[in-house]
Amino acid sequence: MRLLSYVSELGGLRQSRSLRPRVLTHTVSFRCNARCVMCDSWRLPRQDELSTNEVASIYRQLPGLDAVRLTGGEPFVRKDMTEIADLAIEHLRPRFIHVTTNGFLTERIVAFVENRDRSVPLHMLVSLDGVEDKHDEIRGVPRSYERAVATVRALAAMRESHNLRVAVNQTVVDAEGARHYRPLRRELAQLDVRTHLVVAYKESATYSLERDLERDVDGENTYETYGSFSRAEIELLLEEAEEDLVELERPERIAKSYYLSGLRRRLLGKSGPAGPPCVALRAHLRLFPNGDVPTCQNNSRLAGNLRETSFDQLWHSAVAEEQRDWVSKCSGCWTECEILPSAAYTGDLALHALKHPLASAASARVAPTSTREPERATSPSS
Ligand code: SF4
Ligand code: SF4
């Protein structure tokens, strides 16, 4: 039923009509026990976070969703992650729950996987940005690598028995980080765990110390990277990542191929469409730790607060409409956690799979770009 209703909504979303949220990204806390160079989450003033009961009261008001993503900050600084995930399953009935973590709190994370309601698949994404000291340097805390690898190892051993998928996210912050892409993959291959890369962008409204930030997005090639790379370094990184698509399962392969093709277009100046119509504040609902509902990752101006207002009131308010107007006029970004919901719910992902059959076939590789224009500066990730 969900699939049919998803397909039937594609046309409406293309024309920006449908208001029904389908994906929730819930930042359960901005607090973080890491000190990452590319992220200000750990510097943000502490918010008055929603209690478990308040989370339950908000979830109860939302419609059934396709996916719930629990993120941070570091989500496991909260001790009620099991309750939050179970509430999501009870009230939102998603097809899967997705949790991102820096993997520092191994025991708490393993206990979460043990104790949660396992009726719905859990996708755990652990951050590892390089091998050994490189990861520690980026995360700003000694033994970060050792702790995150211990978590990945523990989770990998639980996959079969706990309705669990485990992957690693590598945020490439600089040219040295890019050189760690293959060595990190080799380390993780021993655990049969795949890596996904994102290239860190320079600024994010969500994780910036400055609040009420509207990031200036101005077109298809806007992607200002956190670190600097030569064209050859970016070419090599993208080629390696594209070659490795073959190792991913089909839905992930299509999504990653889509992300990489847009990244290539932006980082190497290949011409092409700006991206799909954005579904922020439509199919994609974001919730901040204190109940605030921001516009999107790159615009932290609020549509309202779900501690103060009911979901129905907020979602149909004039302020939400104003923010949706901003989204409609936005000329696009390539923030992975925003672009993939937009691509999925507007049909762009399906279109990509049709146009690039290799992305969905067993020997997946994104077709290399033929027109490469001069290098453009570009952006970061959380
Ligand atoms: S990138 Fe993630 S782990 Fe690092 S400081 Fe930000 S929220 Fe914490
Ligand atoms: S494309 Fe969407 S998510 Fe990206 S900046 Fe614009 S409104 Fe925000």
# chains A, B, ... in the order shown; residues from 1 in each chain; ligands from 1
call {"tool": "residues_near_ligand", "arguments": {"ligand": "ligand 1", "cutoff": "10 Å", "atoms": "only C-alpha atoms and all ligand atoms", "output": "short mmCIF file (atom, residue, chain, number, x, y, z; two decimals) with C-alpha atoms, in the first residue's frame"}}
result
data_model
loop_
_atom_site.label_atom_id
_atom_site.label_comp_id
_atom_site.auth_asym_id
_atom_site.auth_seq_id
_atom_site.Cartn_x
_atom_site.Cartn_y
_atom_site.Cartn_z
CA THR A 27 17.88 15.59 15.32
CA SER A 29 20.25 16.33 20.28
CA PHE A 30 22.84 18.81 19.07
CA ARG A 31 25.11 17.75 21.92
CA CYS A 32 28.15 15.79 20.83
CA ASN A 33 31.09 14.06 22.46
CA ALA A 34 33.25 14.59 19.36
CA ARG A 35 35.03 17.81 18.41
CA CYS A 36 34.99 17.57 14.63
CA VAL A 37 36.85 20.18 12.65
CA MET A 38 34.10 20.56 10.04
CA CYS A 39 31.11 20.84 12.38
CA ASP A 40 29.95 23.27 15.07
CA SER A 41 27.29 21.03 16.60
CA TRP A 42 29.42 20.45 19.72
CA ARG A 43 29.84 24.22 20.17
CA THR A 71 20.55 11.81 14.14
CA GLY A 72 22.51 14.45 16.06
CA GLY A 73 24.86 15.81 17.25
CA GLU A 74 25.59 12.40 18.62
CA PRO A 75 22.19 10.77 19.19
CA THR A 100 23.80 7.93 12.43
CA THR A 101 26.45 7.82 15.13
CA ASN A 102 30.10 8.64 15.70
CA GLY A 103 30.38 5.23 17.40
CA PHE A 104 32.11 6.50 20.56
CA VAL A 126 28.87 4.87 11.81
CA SER A 127 31.19 7.77 10.93
CA LEU A 128 34.81 6.98 10.06
CA ILE A 138 39.25 15.09 12.17
CA ARG A 139 37.06 14.04 15.10
CA GLY A 140 39.26 16.00 17.56
CA SER A 144 38.09 8.08 18.13
CA THR A 171 33.22 12.44 5.39
CA ALA A 200 32.41 17.91 3.47
CA TYR A 207 25.29 22.92 12.34
CA SER A 381 28.80 17.78 5.42
CA SER A 382 28.05 17.00 9.00
#
call {"tool": "residues_around", "arguments": {"residues": "Ala283 in chain A", "least_positions_apart": "5", "cutoff": "6 Å", "atoms": "only C-alpha atoms", "output": "list in words"}}
result
Arg20, Pro21 and Arg22 of chain A
call {"tool": "write_last_selection", "arguments": {"atoms": "N, CA and C atoms", "output": "PDB file, in the first residue's frame"}}
result
ATOM      1  N   ARG A  20       2.114  15.913   2.166  1.00  0.00           N
ATOM      2  CA  ARG A  20       2.214  14.842   3.149  1.00  0.00           C
ATOM      3  C   ARG A  20       3.669  14.490   3.467  1.00  0.00           C
ATOM      4  N   PRO A  21       4.078  14.587   4.748  1.00  0.00           N
ATOM      5  CA  PRO A  21       5.447  14.157   5.060  1.00  0.00           C
ATOM      6  C   PRO A  21       5.597  12.645   4.925  1.00  0.00           C
ATOM      7  N   ARG A  22       6.721  12.213   4.376  1.00  0.00           N
ATOM      8  CA  ARG A  22       6.986  10.783   4.194  1.00  0.00           C
ATOM      9  C   ARG A  22       8.255  10.346   4.901  1.00  0.00           C
TER      10      ARG A  22
END
call {"tool": "residues_near_ligand", "arguments": {"ligand": "ligand 2", "cutoff": "10 Å", "atoms": "only C-alpha atoms and all ligand atoms", "output": "MDAnalysis selection string"}}
result
chainID A and resid 204:205 214:220 274:281 284 294:300 323:342
call {"tool": "write_last_selection", "arguments": {"atoms": "N, CA and C atoms", "output": "tab-separated table (two decimals), in the first residue's frame"}}
result
chain	number	residue	atom	x	y	z
A	204	SER	N	26.94	24.80	6.95
A	204	SER	CA	25.60	24.23	7.04
A	204	SER	C	24.81	25.07	8.03
A	205	ALA	N	23.63	25.49	7.63
A	205	ALA	CA	22.80	26.31	8.54
A	205	ALA	C	22.48	25.50	9.80
A	214	GLU	N	20.13	31.47	6.34
A	214	GLU	CA	19.71	31.02	5.01
A	214	GLU	C	20.98	30.91	4.19
A	215	ARG	N	21.38	29.72	3.90
A	215	ARG	CA	22.59	29.58	3.11
A	215	ARG	C	22.31	30.09	1.69
A	216	ASP	N	23.29	30.79	1.16
A	216	ASP	CA	23.10	31.36	-0.16
A	216	ASP	C	23.35	30.30	-1.21
A	217	VAL	N	22.29	29.68	-1.67
A	217	VAL	CA	22.47	28.69	-2.73
A	217	VAL	C	22.09	29.34	-4.05
A	218	ASP	N	22.94	29.18	-5.02
A	218	ASP	CA	22.68	29.96	-6.22
A	218	ASP	C	22.89	29.19	-7.50
A	219	GLY	N	22.48	27.94	-7.48
A	219	GLY	CA	22.50	27.27	-8.78
A	219	GLY	C	23.18	25.93	-8.78
A	220	GLU	N	23.22	25.34	-9.94
A	220	GLU	CA	23.60	23.95	-10.05
A	220	GLU	C	25.02	23.64	-9.60
A	274	ALA	N	19.99	21.28	-12.43
A	274	ALA	CA	20.36	21.64	-11.07
A	274	ALA	C	20.02	20.56	-10.06
A	275	GLY	N	19.03	19.76	-10.32
A	275	GLY	CA	18.61	18.77	-9.33
A	275	GLY	C	17.10	18.70	-9.31
A	276	PRO	N	16.55	17.79	-8.52
A	276	PRO	CA	15.09	17.62	-8.51
A	276	PRO	C	14.41	18.76	-7.75
A	277	PRO	N	13.11	18.96	-7.96
A	277	PRO	CA	12.38	19.89	-7.10
A	277	PRO	C	12.55	19.43	-5.66
A	278	CYS	N	12.73	20.38	-4.77
A	278	CYS	CA	13.06	20.02	-3.39
A	278	CYS	C	11.79	19.70	-2.59
A	279	VAL	N	11.84	18.65	-1.79
A	279	VAL	CA	10.66	18.25	-1.00
A	279	VAL	C	10.78	18.65	0.47
A	280	ALA	N	11.72	19.56	0.78
A	280	ALA	CA	11.83	20.04	2.17
A	280	ALA	C	10.52	20.71	2.57
A	281	LEU	N	10.07	20.44	3.80
A	281	LEU	CA	8.81	20.95	4.34
A	281	LEU	C	7.59	20.42	3.58
A	284	HIS	N	9.63	15.81	3.19
A	284	HIS	CA	10.71	15.70	4.17
A	284	HIS	C	10.49	16.69	5.32
A	294	PRO	N	12.72	23.27	11.30
A	294	PRO	CA	13.42	24.18	10.39
A	294	PRO	C	12.97	23.94	8.96
A	295	THR	N	13.40	24.82	8.08
A	295	THR	CA	13.03	24.68	6.67
A	295	THR	C	13.77	23.51	6.02
A	296	CYS	N	15.08	23.51	6.17
A	296	CYS	CA	15.89	22.43	5.59
A	296	CYS	C	17.28	22.52	6.20
A	297	GLN	N	18.16	21.65	5.79
A	297	GLN	CA	19.51	21.67	6.38
A	297	GLN	C	20.24	22.99	6.13
A	298	ASN	N	19.89	23.64	5.05
A	298	ASN	CA	20.61	24.86	4.69
A	298	ASN	C	19.86	26.14	5.01
A	299	ASN	N	18.71	25.98	5.64
A	299	ASN	CA	17.94	27.16	6.04
A	299	ASN	C	17.28	26.83	7.38
A	300	SER	N	17.87	27.37	8.47
A	300	SER	CA	17.35	27.02	9.79
A	300	SER	C	16.23	27.95	10.25
A	323	GLN	N	7.87	29.62	4.19
A	323	GLN	CA	9.13	28.88	4.07
A	323	GLN	C	9.09	27.96	2.84
A	324	ARG	N	7.90	27.41	2.57
A	324	ARG	CA	7.78	26.57	1.36
A	324	ARG	C	8.01	27.40	0.10
A	325	ASP	N	7.58	28.65	0.14
A	325	ASP	CA	7.83	29.53	-1.02
A	325	ASP	C	9.33	29.69	-1.23
A	326	TRP	N	10.06	29.84	-0.09
A	326	TRP	CA	11.52	29.96	-0.18
A	326	TRP	C	12.10	28.70	-0.82
A	327	VAL	N	11.59	27.54	-0.36
A	327	VAL	CA	12.08	26.27	-0.92
A	327	VAL	C	11.80	26.22	-2.42
A	328	SER	N	10.60	26.62	-2.81
A	328	SER	CA	10.24	26.56	-4.24
A	328	SER	C	11.16	27.44	-5.08
A	329	LYS	N	11.60	28.55	-4.49
A	329	LYS	CA	12.46	29.46	-5.26
A	329	LYS	C	13.93	29.07	-5.17
A	330	CYS	N	14.28	28.23	-4.23
A	330	CYS	CA	15.68	27.86	-4.03
A	330	CYS	C	16.21	27.18	-5.29
A	331	SER	N	17.38	27.58	-5.70
A	331	SER	CA	17.89	27.02	-6.96
A	331	SER	C	18.66	25.71	-6.77
A	332	GLY	N	18.69	25.19	-5.54
A	332	GLY	CA	19.21	23.84	-5.37
A	332	GLY	C	20.46	23.73	-4.54
A	333	CYS	N	20.64	22.57	-3.96
A	333	CYS	CA	21.87	22.26	-3.23
A	333	CYS	C	22.19	20.80	-3.51
A	334	TRP	N	23.30	20.31	-2.99
A	334	TRP	CA	23.60	18.89	-3.17
A	334	TRP	C	23.97	18.26	-1.83
A	335	THR	N	23.18	18.61	-0.80
A	335	THR	CA	23.37	18.04	0.53
A	335	THR	C	22.74	16.65	0.50
A	336	GLU	N	23.54	15.60	0.75
A	336	GLU	CA	23.06	14.24	0.46
A	336	GLU	C	21.75	13.90	1.17
A	337	CYS	N	21.66	14.29	2.48
A	337	CYS	CA	20.46	13.88	3.23
A	337	CYS	C	19.24	14.69	2.83
A	338	GLU	N	19.40	15.71	2.01
A	338	GLU	CA	18.26	16.45	1.47
A	338	GLU	C	17.96	16.00	0.04
A	339	ILE	N	19.04	15.79	-0.69
A	339	ILE	CA	18.85	15.53	-2.12
A	339	ILE	C	18.23	14.14	-2.35
A	340	LEU	N	18.56	13.17	-1.51
A	340	LEU	CA	18.04	11.82	-1.77
A	340	LEU	C	16.53	11.71	-1.54
A	341	PRO	N	15.97	12.29	-0.45
A	341	PRO	CA	14.50	12.28	-0.36
A	341	PRO	C	13.86	13.01	-1.55
A	342	SER	N	14.46	14.13	-1.94
A	342	SER	CA	13.89	14.86	-3.08
A	342	SER	C	13.94	14.01	-4.35
call {"tool": "residues_around", "arguments": {"residues": "Glu146 in chain A", "least_positions_apart": "2", "cutoff": "12 Å", "atoms": "only C-alpha atoms", "output": "list in words"}}
result
Asn102, Gly103, Phe104, Leu105, Thr106, Leu128, Gly130, Val131, Glu132, Asp133, Lys134, His135, Asp136, Arg139, Val141, Pro142, Arg143, Ser144, Ala148, Val149, Ala150, Thr151, Val152 and Arg153 of chain A
call {"tool": "select_by_dssp", "arguments": {"residues": "range 33-215 of chain A", "states": "strand (DSSP E or B)", "output": "ChimeraX atom specification"}}
result
/A:67-71,96-101,122-127,164-172,194-199,201,214
call {"tool": "closest_residue", "arguments": {"among": "A:Asp117, A:Glu242, A:Glu203, A:Asp80", "to": "Ile97 in chain A", "atoms": "only C-alpha atoms"}}
result
A:Asp117
call {"tool": "select_by_dssp", "arguments": {"residues": "range 220-311 of chain A", "states": "helix (DSSP H, G or I)", "output": "PyMOL selection string"}}
result
chain A and resi 231-247+250-268+311
call {"tool": "write_last_selection", "arguments": {"atoms": "C-alpha atoms", "output": "PDB file, in the first residue's frame"}}
result
ATOM      1  CA  ARG A 231      40.961  18.747  -9.759  1.00  0.00           C
ATOM      2  CA  ALA A 232      43.046  15.575 -10.070  1.00  0.00           C
ATOM      3  CA  GLU A 233      42.397  14.665  -6.418  1.00  0.00           C
ATOM      4  CA  ILE A 234      38.643  15.039  -6.837  1.00  0.00           C
ATOM      5  CA  GLU A 235      38.722  13.116 -10.140  1.00  0.00           C
ATOM      6  CA  LEU A 236      40.550  10.228  -8.509  1.00  0.00           C
ATOM      7  CA  LEU A 237      38.264  10.140  -5.466  1.00  0.00           C
ATOM      8  CA  LEU A 238      35.121  10.127  -7.591  1.00  0.00           C
ATOM      9  CA  GLU A 239      36.502   7.482  -9.924  1.00  0.00           C
ATOM     10  CA  GLU A 240      37.351   5.227  -6.990  1.00  0.00           C
ATOM     11  CA  ALA A 241      33.911   5.730  -5.443  1.00  0.00           C
ATOM     12  CA  GLU A 242      32.198   5.078  -8.769  1.00  0.00           C
ATOM     13  CA  GLU A 243      34.189   1.884  -9.294  1.00  0.00           C
ATOM     14  CA  ASP A 244      33.133   0.693  -5.857  1.00  0.00           C
ATOM     15  CA  LEU A 245      29.425   1.156  -6.533  1.00  0.00           C
ATOM     16  CA  VAL A 246      29.391  -2.414  -7.764  1.00  0.00           C
ATOM     17  CA  GLU A 247      29.780  -3.618  -4.183  1.00  0.00           C
ATOM     18  CA  ARG A 250      20.846  -2.222  -5.755  1.00  0.00           C
ATOM     19  CA  PRO A 251      18.815   0.528  -4.004  1.00  0.00           C
ATOM     20  CA  GLU A 252      21.930   1.905  -2.310  1.00  0.00           C
ATOM     21  CA  ARG A 253      23.868   1.664  -5.549  1.00  0.00           C
ATOM     22  CA  ILE A 254      21.298   3.731  -7.430  1.00  0.00           C
ATOM     23  CA  ALA A 255      21.146   6.337  -4.653  1.00  0.00           C
ATOM     24  CA  LYS A 256      24.915   6.587  -4.334  1.00  0.00           C
ATOM     25  CA  SER A 257      25.389   6.691  -8.089  1.00  0.00           C
ATOM     26  CA  TYR A 258      22.882   9.556  -8.219  1.00  0.00           C
ATOM     27  CA  TYR A 259      24.681  11.429  -5.431  1.00  0.00           C
ATOM     28  CA  LEU A 260      28.103  10.933  -7.031  1.00  0.00           C
ATOM     29  CA  SER A 261      26.912  12.019 -10.458  1.00  0.00           C
ATOM     30  CA  GLY A 262      25.622  15.302  -8.993  1.00  0.00           C
ATOM     31  CA  LEU A 263      28.792  15.728  -6.991  1.00  0.00           C
ATOM     32  CA  ARG A 264      30.870  15.233 -10.112  1.00  0.00           C
ATOM     33  CA  ARG A 265      28.765  17.797 -11.922  1.00  0.00           C
ATOM     34  CA  ARG A 266      29.282  20.344  -9.171  1.00  0.00           C
ATOM     35  CA  LEU A 267      32.898  19.681  -8.249  1.00  0.00           C
ATOM     36  CA  LEU A 268      34.188  19.290 -11.773  1.00  0.00           C
ATOM     37  CA  PHE A 311       1.486  19.416  13.924  1.00  0.00           C
TER      38      PHE A 311
END
call {"tool": "closest_residue", "arguments": {"among": "A:Leu349, A:Val28, A:Leu62, A:Val120", "to": "Val77 in chain A", "atoms": "only C-alpha atoms"}}
result
A:Val28
call {"tool": "atom_distance", "arguments": {"atom1": "CA of Ala344 in chain A", "atom2": "CA of Pro357 in chain A"}}
result
16.7 Å
call {"tool": "closest_residue", "arguments": {"among": "A:Phe229, A:Tyr145, A:Tyr223, A:Tyr59", "to": "Ala175 in chain A", "atoms": "only C-alpha atoms"}}
result
A:Phe229
call {"tool": "atom_distance", "arguments": {"atom1": "CA of Tyr226 in chain A", "atom2": "CA of Gly177 in chain A"}}
result
11.7 Å
call {"tool": "atom_distance", "arguments": {"atom1": "CA of Glu160 in chain A", "atom2": "CA of Glu187 in chain A"}}
result
20.9 Å
call {"tool": "closest_residue", "arguments": {"among": "A:Asp129, A:Glu321, A:Glu114, A:Asp312", "to": "Met81 in chain A", "atoms": "only C-alpha atoms"}}
result
A:Glu114
call {"tool": "closest_residue", "arguments": {"among": "A:Leu24, A:Ile58, A:Leu197, A:Met124", "to": "Leu314 in chain A", "atoms": "only C-alpha atoms"}}
result
A:Ile58
call {"tool": "closest_residue", "arguments": {"among": "A:Ser18, A:Asn163, A:Thr206, A:Gln61", "to": "Leu44 in chain A", "atoms": "only C-alpha atoms"}}
result
A:Thr206
